[in-house]
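J.: Structure in structure tokens, see below.
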Amino acid sequence: MDGEVGIRSAGITPHTVAVRWEDGTAAQFHHVWLRDNCPCTQCRHAEVGERLSVEAGGHLDLTWPDGHRSRFSAAWLAQHAYERDHRVARRPQRTLWDTNRMRTELPEVDFADVMSGDDGLVHWLGLLRRYGFCIVRQMPTADGTVLELARRVGNLRDSNFGLLWQVESRPVPDSLAYTSVKLTAHTDLVSREAQPGLQFLHCLVNDSTGGESILVDGFAVAEELRRTEPAHWVTLTSTPVAFRYQSPDTDVSAAFPVIRLDADGGYYEVRYSNALMAPLAVDHDRVLPFYAAYRAFSELLRDPRFELSFRLGAGDCEVFDNRRVLHGRQEFDPQTGPRHLQGCYVDTDDWLSRLRVLQRTQDFRLR
Ligand code: OGA
Ligand code: ZN
Ligand code: ZN
């Protein structure tokens, strides 16, 4: 990265240094911010009134009133410019999708390519970053293979369901996952403060009638709600909803808006599970607006424009960003044959860390 685009000019204002790069982009950096981020190890305190020069090669060289010198590379400053436009430009490149787009752009990779080399791995993680899901084909159907795939990405996320959990119909259902009813689109572990990031669902056998998998891009649906019903969108981004999961040895609860934004208004996560929603506890004037907005969002999640339905065969694994892409399955008939999936999770910071490290390696190799 270093030295790609140098600094053309820089000037001091009372509180900032204004930088212009050779490609015409510009940003301002506060004195206090620059002193705080001085790359040398001694710096702790912020002071004002520095002298500056732009060196050959495009570095920014500052001399502070106490004689201390700070040297910033042009590339580092460009990567850390913090005005809103710069922050927004650095957001991850996401492609929001509907079912129509998925007719031609279905993201899928082969297990062998992901497992055998870093190129296959970074390609796969890049697809997950862009689309929020990817189907891994041609996996062995041996018990626990999904853990190998997940460990290729990062640490496993544990929960009360264990590191490796089963989805199959059982004689005595103790969770909806163990029945054969339709599971409408939802995110998993909504009652946890941090919903797991990547979710893996590996199909070992799928011989029963029905049971097609469902995926919905929660961010695309949220955008559609914002476009068509902006007041509903505001309600769902601002009303705290509690979710709770109880079993004989567990009682977890967390309350967040169904659509959660970051500080710049970008999408942070969707948290949605009708089955685990706790009784709404908000002021009276927010009850009716919430239910109207929740109904509108729920209807959009089920709209065929957004609900992608496909069949997993033995050896397929659907992998998705559980905080963006909702999942579910159609009803199936367990009398017609067995259906068995195995699943696990990897947290968001772990899989993004893996992607960043791999991209760093790639950048390094390109030099
Ligand atoms: C679940 C689930 C999907 C499926 O168990 O939470 O979403 O295909 N299962 O059975
Ligand atoms: Zn310093
Ligand atoms: Zn689920």
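FYI, nothing fancy with the structure tokens labels: chains A, B, ... in order, residues from 1 per chain, ligands from 1 as they appear.
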Which residues sit within 6 Å of ligand 2, counting only C-alpha atoms and all ligand atoms, listed as a list in words?

T.: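 Using only C-alpha atoms and all ligand atoms, everything at most 6 Å from ligand 2 comes to Cys38, Pro39, Cys40, Gln42, Cys43 and Ser70 of chain A.
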
J.: Need to verify the contact set: A:Thr25, 10 Å, only C-alpha atoms, exclusion of same-chain residues closer than 3 positions in sequence. Can you return it as JSON, numbers by chain?

T.: {"A": [7, 8, 19, 20, 21, 22, 78, 86]}

J.: Produce a table with one row for each residue of chain A that has an atom at most 6 Å from any atom of ligand 1, each row naming the nearest atom pair and its distance in Å at one decimal; use only C-alpha atoms and all ligand atoms; arrange rows by chain and rising residue number; format as a tab-separated table.

T.:
```
residue	atom	partner	partner_atom_place_in_ligand_line	distance
A:Val167	CA	ligand 1	5 (O)	5.6
A:Ala177	CA	ligand 1	5 (O)	3.9
A:Ser213	CA	ligand 1	8 (O)	5.2
A:His327	CA	ligand 1	7 (O)	5.8
A:Gly328	CA	ligand 1	7 (O)	4.6
A:Arg329	CA	ligand 1	8 (O)	4.7
```

J.: Give as a ChimeraX atom specification the residues surrounding ligand 3 up to a distance of 9 Å, considering only C-alpha atoms and all ligand atoms.

T.: /A:177,183,185-189,199,273,322,326-329

J.: Would you mind telling me which residue in A:Glu223, A:Glu55, A:Asp66, A:Asp321 lies nearest to A:Arg271 when using only C-alpha atoms?

T.: A:Asp321
